[in-house]
2 protein chains.
Amino acid sequence: MGIADDAVEIRSQGWRTLAALHGLIETELERALTSSVALSVVEYTVLDALSRQHGWHMRMQQLGRATALSASATTRLVNRLEERGLLTRVLCADDRRGIYTELTASGQKLLTEARPVHDETLERALAAARDMPELAPLVDALPTLARA
Amino acid sequence: MGIADDAVEIRSQGWRTLAALHGLIETELERALTSSVALSVVEYTVLDALSRQHGWHMRMQQLGRATALSASATTRLVNRLEERGLLTRVLCADDRRGIYTELTASGQKLLTEARPVHDETLERALAAARDMPELAPLVDALPTLARA
DNA sequence: GCGGTATAACTGCGTGTGCAATGATTTATC
DNA sequence: GATAAATCATTGCACACGCAGTTATACCGC
């Protein structure tokens with residue numbers, strides 16, 4: 001097996017590890033968030049992303065990228081959250097095709113309830129993954145990626 | 001902000017990076033595999049996992065863990081692949097509740113077509129992610145996780 | 001052996017997703 | 001300035017998913 005073949009296998013192995021860890025964490029988060037605050041992981045991701053944005057507004061497309069969702073899925077995701085009063089649509093003045101989304105007070109409130117659940121569940125899931133030999137190296141590598 | 005709070009934020013940041021990279025890669029793989037060999041990413045994962053197994057057989061539950069899928073989703077996933085003749089169900093002799101799945105010759109053949117597509121797409125997706133500042137550190141860390 | 005409990009896999013149901021096509025607005029070309 | 005091409009968001013449709021409940025088999029205490 002040559003060097004190039006090794007690289008291919010190493011990439012595939014890394015991807016399998018990444019996918020496995022991702023699936024594990026997402027499954028746990030999904031259970032915890034839906035049962036405690038009736039939010040799916042993507043829904044939480046949207047609220048969290050909005051709260052990190054200056055002025056708490058984002059365009060649909062940005063949300064799509066942030067969640068790795070298609071445009072149609074983003075539309076319906078925002079629909080659900082808007083119907084629950086957690087965010088509002090705001091028309092863009094400068095580009096009237098675009099639509100901004102903003103957290104409502106209710107959305108911010110729910111997010112403060114959801115965040116501890118999210119963080120504790122993430123900690124537990126990572127600790128569990130830490131005990132699996134094939135996942136441990138990636139779990140240990142994650143905190144080293146932090147930047148300012 | 002105390003040390004504990006920092007740890008929470010670092011974990012969340014790591015998780016967001018992991019999720020973003022995973023979403024990006026999965027979306028690209030999905031497009032490439034469905035258009036070229038009509039396989040979804042999870043379907044490819046199953047065939048690939050089976051091919052790596054001694055004797056090419058696995059139990060349903062193992063497949064569920066390997067793909068981070070529920071039991072019901074695993075059942076229907078195996079149904080789809082079986083209907084296409086890519087794998088077969090084999091009853092377990094020792095535990096008659098369990099069911100083994102085995103790759104067929106046709107499944108192995110399709111896998112050999114799919115693997116280059118998968119590997120090249122993965123390489124391109126990682127290269128693209130490598131150019132995004134927030135994803136680059138994780139992309140660079142992945143190959144270092146490889147074990148013997 | 002015989003009950004009760006646990007486990008493996010399967011089905012009904014509601015829901016979230018992507019793709020393709022559509023409507024509305026902006027940008028480019030002439 | 002009018003027409004064409006591109007972009008943002010939304011809808012119709014088919015399909016894959018998770019949850020809860022079901023069936024079949026294995027395990028345990030007696």
# chains A, B, ... in the order shown; residues from 1 in each chain; ligands from 1
call {"tool": "residues_around", "arguments": {"residues": "DG12 of chain C", "least_positions_apart": "5", "cutoff": "12 Å", "atoms": "only C-alpha atoms (C1' of nucleotides)", "output": "NGL selection string"}}
result
(:B and (72)) or (:D and (19-22))
call {"tool": "select_by_dssp", "arguments": {"residues": "chain A", "states": "alpha helix (DSSP H)", "output": "NGL selection string"}}
result
:A and (3-37 or 41-51 or 60-67 or 71-83 or 105-130 or 136-141)
call {"tool": "interface_residues", "arguments": {"of": "chain A", "to": "chain C", "cutoff": "10 Å", "atoms": "only C-alpha atoms (C1' of nucleotides)", "output": "NGL selection string"}}
result
:A and (69-74 or 76-77 or 95-98)
call {"tool": "interface_residues", "arguments": {"of": "chain D", "to": "chain A", "cutoff": "9 Å", "atoms": "only C-alpha atoms (C1' of nucleotides)", "output": "VMD selection string"}}
result
chain D and resid 7 to 11
call {"tool": "interface_residues", "arguments": {"of": "chain A", "to": "chain B", "cutoff": "6 Å", "atoms": "only C-alpha atoms", "output": "PyMOL selection string"}}
result
chain A and resi 14+23+68+137+142+145
call {"tool": "select_by_dssp", "arguments": {"residues": "chain B", "states": "strand (DSSP E)", "output": "ChimeraX atom specification"}}
result
/B:57-59,87-91,99-103
call {"tool": "write_last_selection", "arguments": {"atoms": "N, CA, C and O atoms", "output": "PDB file, in the first residue's frame"}}
result
ATOM      1  N   HIS B  57     -20.503 -10.213   8.038  1.00  0.00           N
ATOM      2  CA  HIS B  57     -21.837 -10.260   8.644  1.00  0.00           C
ATOM      3  C   HIS B  57     -21.856  -9.467   9.940  1.00  0.00           C
ATOM      4  O   HIS B  57     -20.893  -9.387  10.673  1.00  0.00           O
ATOM      5  N   MET B  58     -22.998  -8.860  10.177  1.00  0.00           N
ATOM      6  CA  MET B  58     -23.189  -8.029  11.370  1.00  0.00           C
ATOM      7  C   MET B  58     -24.620  -8.158  11.828  1.00  0.00           C
ATOM      8  O   MET B  58     -25.511  -8.435  11.042  1.00  0.00           O
ATOM      9  N   ARG B  59     -24.839  -7.924  13.098  1.00  0.00           N
ATOM     10  CA  ARG B  59     -26.209  -7.944  13.622  1.00  0.00           C
ATOM     11  C   ARG B  59     -26.832  -6.567  13.415  1.00  0.00           C
ATOM     12  O   ARG B  59     -26.142  -5.559  13.290  1.00  0.00           O
ATOM     13  N   LEU B  87     -27.525  -6.829   0.013  1.00  0.00           N
ATOM     14  CA  LEU B  87     -27.189  -7.644   1.179  1.00  0.00           C
ATOM     15  C   LEU B  87     -28.313  -8.620   1.442  1.00  0.00           C
ATOM     16  O   LEU B  87     -29.404  -8.502   0.880  1.00  0.00           O
ATOM     17  N   THR B  88     -28.050  -9.613   2.291  1.00  0.00           N
ATOM     18  CA  THR B  88     -29.073 -10.604   2.635  1.00  0.00           C
ATOM     19  C   THR B  88     -29.168 -10.754   4.142  1.00  0.00           C
ATOM     20  O   THR B  88     -28.196 -10.535   4.861  1.00  0.00           O
ATOM     21  N   ARG B  89     -30.369 -11.098   4.602  1.00  0.00           N
ATOM     22  CA  ARG B  89     -30.563 -11.405   6.016  1.00  0.00           C
ATOM     23  C   ARG B  89     -30.262 -12.875   6.235  1.00  0.00           C
ATOM     24  O   ARG B  89     -30.665 -13.730   5.455  1.00  0.00           O
ATOM     25  N   VAL B  90     -29.544 -13.160   7.330  1.00  0.00           N
ATOM     26  CA  VAL B  90     -29.223 -14.535   7.685  1.00  0.00           C
ATOM     27  C   VAL B  90     -29.603 -14.745   9.139  1.00  0.00           C
ATOM     28  O   VAL B  90     -29.167 -13.990  10.014  1.00  0.00           O
ATOM     29  N   LEU B  91     -30.423 -15.762   9.395  1.00  0.00           N
ATOM     30  CA  LEU B  91     -30.829 -16.006  10.776  1.00  0.00           C
ATOM     31  C   LEU B  91     -29.645 -16.502  11.592  1.00  0.00           C
ATOM     32  O   LEU B  91     -28.838 -17.304  11.124  1.00  0.00           O
ATOM     33  N   ILE B  99     -30.487 -11.317  13.916  1.00  0.00           N
ATOM     34  CA  ILE B  99     -30.413 -11.482  12.472  1.00  0.00           C
ATOM     35  C   ILE B  99     -29.078 -10.930  11.982  1.00  0.00           C
ATOM     36  O   ILE B  99     -28.712  -9.803  12.311  1.00  0.00           O
ATOM     37  N   TYR B 100     -28.373 -11.738  11.226  1.00  0.00           N
ATOM     38  CA  TYR B 100     -27.142 -11.267  10.619  1.00  0.00           C
ATOM     39  C   TYR B 100     -27.422 -10.691   9.240  1.00  0.00           C
ATOM     40  O   TYR B 100     -28.353 -11.121   8.556  1.00  0.00           O
ATOM     41  N   THR B 101     -26.624  -9.734   8.854  1.00  0.00           N
ATOM     42  CA  THR B 101     -26.703  -9.231   7.485  1.00  0.00           C
ATOM     43  C   THR B 101     -25.357  -9.458   6.808  1.00  0.00           C
ATOM     44  O   THR B 101     -24.312  -9.266   7.418  1.00  0.00           O
ATOM     45  N   GLU B 102     -25.418  -9.881   5.559  1.00  0.00           N
ATOM     46  CA  GLU B 102     -24.201 -10.158   4.807  1.00  0.00           C
ATOM     47  C   GLU B 102     -24.230  -9.454   3.463  1.00  0.00           C
ATOM     48  O   GLU B 102     -25.273  -9.393   2.816  1.00  0.00           O
ATOM     49  N   LEU B 103     -23.100  -8.961   3.031  1.00  0.00           N
ATOM     50  CA  LEU B 103     -22.999  -8.383   1.697  1.00  0.00           C
ATOM     51  C   LEU B 103     -23.176  -9.478   0.654  1.00  0.00           C
ATOM     52  O   LEU B 103     -22.665 -10.581   0.802  1.00  0.00           O
TER      53      LEU B 103
END
call {"tool": "atom_distance", "arguments": {"atom1": "atom C1' of DC15 of chain D", "atom2": "atom CA of Arg31 of chain B"}}
result
15.9 Å
call {"tool": "atom_distance", "arguments": {"atom1": "atom CA of Ala125 of chain B", "atom2": "atom CA of Leu111 of chain B"}}
result
20.2 Å
call {"tool": "residues_around", "arguments": {"residues": "Thr121 of chain B", "least_positions_apart": "5", "cutoff": "7 Å", "atoms": "only C-alpha atoms (C1' of nucleotides)", "output": "MDAnalysis selection string"}}
result
chainID B and resid 28:29 32
